[in-house]
Amino acid sequence: MRVNKKNVQNLFYIFITTHLVLWTLVPSLTNNNLPLDTIEHLAWGSNLDWGFNKHPPAVAFFLEIFYQIFGPQDWAYYLLSQIFVAIAFIVVFKFAEGFFKNKTLSLISVLLLEGIYFYNFTTPEFNVNVCQLPFWALCIYYSWRLFNKQEINIKDCLWLGVFAAIGFLSKYLFIYLLLGIDLLFFYVIFIKKYKKFDFKYLIALEVFIVLLVPHMIWLSNNDYTTITYGLARTGLENSSLLDHIIYPLIFLGKQTGILIPFFIMSFFLIQKFKFKISLKDKKLFFLVFINLIPIGLMFLTSMLTGSKIRTMWMTPFYLFFGVLIVYIFQSQINLKKLNGFISAFLILFIFSPFAYAYISITETDKRTDYPGKQIAIKTQYAWNQDHKKTINVVLGDEWHAGNLSYHLKSRPAWDGPVTIDKLSLLSKFTCIDNICIGYR
């Protein structure tokens, strides 16, 4: 397989475009309703704040932008999710270009990611995990620029601080990547002394902190509810001594299982699994810190605390695994004999959307089968019989009330669960099955 640089560039953008279109169309055509997390985050977006009971605000912010542009059009939110995935892939490709100085190896580094279901099968649901992807990739990209250059560019520090803050405001687990980056620079500056400390590095930290201030104020005013929710999800309160062994092993087993298709693709790519690792190789050093250290820290967290690590939490952690594998085995890759790899890639690339469509069509008791639009039409009709004013508030759980907020034409603001205090603030309201609608 012989391709020139221009052809590789074109192939990459054909892949990105096809991926985006395919994974926007398939869920749009086979799902009757948006997934749970997307509806929940849209509910938050209807009443934007600097934080919510489960997560920081970034995911709701991006969804609300799209709602203001497209309204209740389901395809738009599948598109938004794929835009985030595509941006992450583009950043990985650009990173790999500078890393390998070889566009074909850069393309392969991205194509390998189709072997990880976090970047195809689960992407139609725009949630905090997908929201992290472009910012995770961008933080690594700008960290590499700072790591690789002798002179520090202030703009690189600024952008690193900005993207680190947005990533953290997407999900707190973003901190595991930032810890990996911090440990990397601490090691090369203060231990190995490959680089000299420069106060310009602190610009990234300063920007990061400044952008987090509004959210930190919100946290303080809301009893740190987002943090307590996250801790509750780990099962720390009920952990036993055995959990410190069982949960880390389960974590490792699941991660290995997730990566099986990725390793199968790698098997077709690499002729012989022979490699030499040198601790003096700064490129490999960087890849280890941004790929393996965050995962190691997650494993260590589970082992030390006995906490359960949920599989989907690992969504952004493998974005640069393709680069790592290609870099380690690049001398064993024959660029003239890629037919086996291309075949494996095409099989996975085609199988994933077909599998998603099949499950979506044949299984009829999923959240995406919920008749949200029909319920909203009936609710609006019943309301119009007795009231002339527009519904502008909906109370209840994020799923049922969130669906009404999304589907009703007036886009009522979701204001949390039903309470007597909240009902007392409404001029008129109607309640059915613990869901209340009304206006102030």
# chains A, B, ... in the order shown; residues from 1 in each chain; ligands from 1
$ select_by_dssp --residues "region 72-255 of chain A" --states "alpha helix (DSSP H)" --output "PyMOL selection string"
chain A and resi 74-100+103-111+128-148+154-170+175-186+201-221+225-233+243-255
$ residues_around --residues "region 156-171 of chain A" --least-positions-apart "5" --cutoff "9 Å" --atoms "only C-alpha atoms" --output "ChimeraX atom specification"
/A:51,55-60,127-129,131-136,138-143,145-146,178,200-212,215
$ residues_around --residues "Gln332 (chain A)" --least-positions-apart "6" --cutoff "10 Å" --atoms "only C-alpha atoms" --output "MDAnalysis selection string"
chainID A and resid 269:275 326
$ residues_around --residues "Gln68 (chain A)" --least-positions-apart "5" --cutoff "12 Å" --atoms "only C-alpha atoms" --output "PDB file with N, CA, C and O atoms, in the first residue's frame"
ATOM      1  N   LEU A  42     -29.269  18.293  29.333  1.00  0.00           N
ATOM      2  CA  LEU A  42     -30.100  19.329  28.709  1.00  0.00           C
ATOM      3  C   LEU A  42     -31.004  19.988  29.741  1.00  0.00           C
ATOM      4  O   LEU A  42     -31.263  21.203  29.671  1.00  0.00           O
ATOM      5  N   GLY A  45     -29.004  22.435  31.386  1.00  0.00           N
ATOM      6  CA  GLY A  45     -28.774  23.566  30.503  1.00  0.00           C
ATOM      7  C   GLY A  45     -29.939  24.539  30.454  1.00  0.00           C
ATOM      8  O   GLY A  45     -29.762  25.722  30.178  1.00  0.00           O
ATOM      9  N   SER A  46     -31.149  24.046  30.717  1.00  0.00           N
ATOM     10  CA  SER A  46     -32.323  24.931  30.705  1.00  0.00           C
ATOM     11  C   SER A  46     -32.306  25.913  31.867  1.00  0.00           C
ATOM     12  O   SER A  46     -33.040  26.901  31.873  1.00  0.00           O
ATOM     13  N   PHE A  61     -23.404  23.548  29.467  1.00  0.00           N
ATOM     14  CA  PHE A  61     -23.146  24.760  28.699  1.00  0.00           C
ATOM     15  C   PHE A  61     -23.095  24.470  27.200  1.00  0.00           C
ATOM     16  O   PHE A  61     -23.743  25.151  26.398  1.00  0.00           O
ATOM     17  N   PHE A  62     -22.355  23.442  26.812  1.00  0.00           N
ATOM     18  CA  PHE A  62     -22.240  23.108  25.388  1.00  0.00           C
ATOM     19  C   PHE A  62     -23.574  22.637  24.813  1.00  0.00           C
ATOM     20  O   PHE A  62     -23.925  22.982  23.681  1.00  0.00           O
ATOM     21  N   LEU A  63     -24.321  21.866  25.582  1.00  0.00           N
ATOM     22  CA  LEU A  63     -25.628  21.409  25.119  1.00  0.00           C
ATOM     23  C   LEU A  63     -26.590  22.574  24.956  1.00  0.00           C
ATOM     24  O   LEU A  63     -27.380  22.615  24.007  1.00  0.00           O
ATOM     25  N   GLN A  73     -34.124  19.110  18.335  1.00  0.00           N
ATOM     26  CA  GLN A  73     -33.834  18.236  17.193  1.00  0.00           C
ATOM     27  C   GLN A  73     -32.800  17.209  17.643  1.00  0.00           C
ATOM     28  O   GLN A  73     -31.632  17.544  17.834  1.00  0.00           O
ATOM     29  N   ALA A  76     -29.155  16.859  16.306  1.00  0.00           N
ATOM     30  CA  ALA A  76     -28.178  17.907  16.609  1.00  0.00           C
ATOM     31  C   ALA A  76     -27.270  17.500  17.765  1.00  0.00           C
ATOM     32  O   ALA A  76     -26.077  17.850  17.786  1.00  0.00           O
ATOM     33  N   TYR A  77     -27.808  16.742  18.717  1.00  0.00           N
ATOM     34  CA  TYR A  77     -27.026  16.375  19.900  1.00  0.00           C
ATOM     35  C   TYR A  77     -26.162  15.145  19.626  1.00  0.00           C
ATOM     36  O   TYR A  77     -25.106  14.985  20.247  1.00  0.00           O
ATOM     37  N   TYR A 406     -37.202  19.456  27.555  1.00  0.00           N
ATOM     38  CA  TYR A 406     -36.610  19.391  26.221  1.00  0.00           C
ATOM     39  C   TYR A 406     -37.665  19.431  25.116  1.00  0.00           C
ATOM     40  O   TYR A 406     -37.502  20.150  24.109  1.00  0.00           O
ATOM     41  N   ARG A 411     -39.881  25.409  26.238  1.00  0.00           N
ATOM     42  CA  ARG A 411     -38.625  25.057  26.921  1.00  0.00           C
ATOM     43  C   ARG A 411     -38.633  25.532  28.380  1.00  0.00           C
ATOM     44  O   ARG A 411     -37.868  26.415  28.794  1.00  0.00           O
TER      45      ARG A 411
END
$ closest_residue --among "A:Ala413, A:Leu425, A:Asn33, A:Phe121" --to "Gln374 (chain A)" --atoms "only C-alpha atoms"
A:Asn33
$ closest_residue --among "A:Trp50, A:Phe199, A:Phe289, A:Phe118" --to "Asn221 (chain A)" --atoms "only C-alpha atoms"
A:Trp50
$ closest_residue --among "A:Lys283, A:Lys254, A:Lys192, A:Thr315" --to "Gly98 (chain A)" --atoms "only C-alpha atoms"
A:Lys283
$ atom_distance --atom1 "CA of His41 (chain A)" --atom2 "CA of Pro72 (chain A)"
13.5 Å
$ residues_around --residues "Phe351 (chain A)" --least-positions-apart "5" --cutoff "12 Å" --atoms "only C-alpha atoms" --output "list in words"
Leu22, Glu114, Gly115, Tyr117, Asn120, Phe121, Pro261, Ser343, Ala344, Phe345, Leu346, Tyr356, Ala357 and Tyr358 of chain A
$ residues_around --residues "Gln380 (chain A)" --least-positions-apart "3" --cutoff "12 Å" --atoms "only C-alpha atoms" --output "ChimeraX atom specification"
/A:373-377,383-392,404-405,407-412,430,437-438
$ closest_residue --among "A:Phe354, A:Phe84, A:Tyr172, A:Tyr327" --to "Thr226 (chain A)" --atoms "only C-alpha atoms"
A:Tyr172
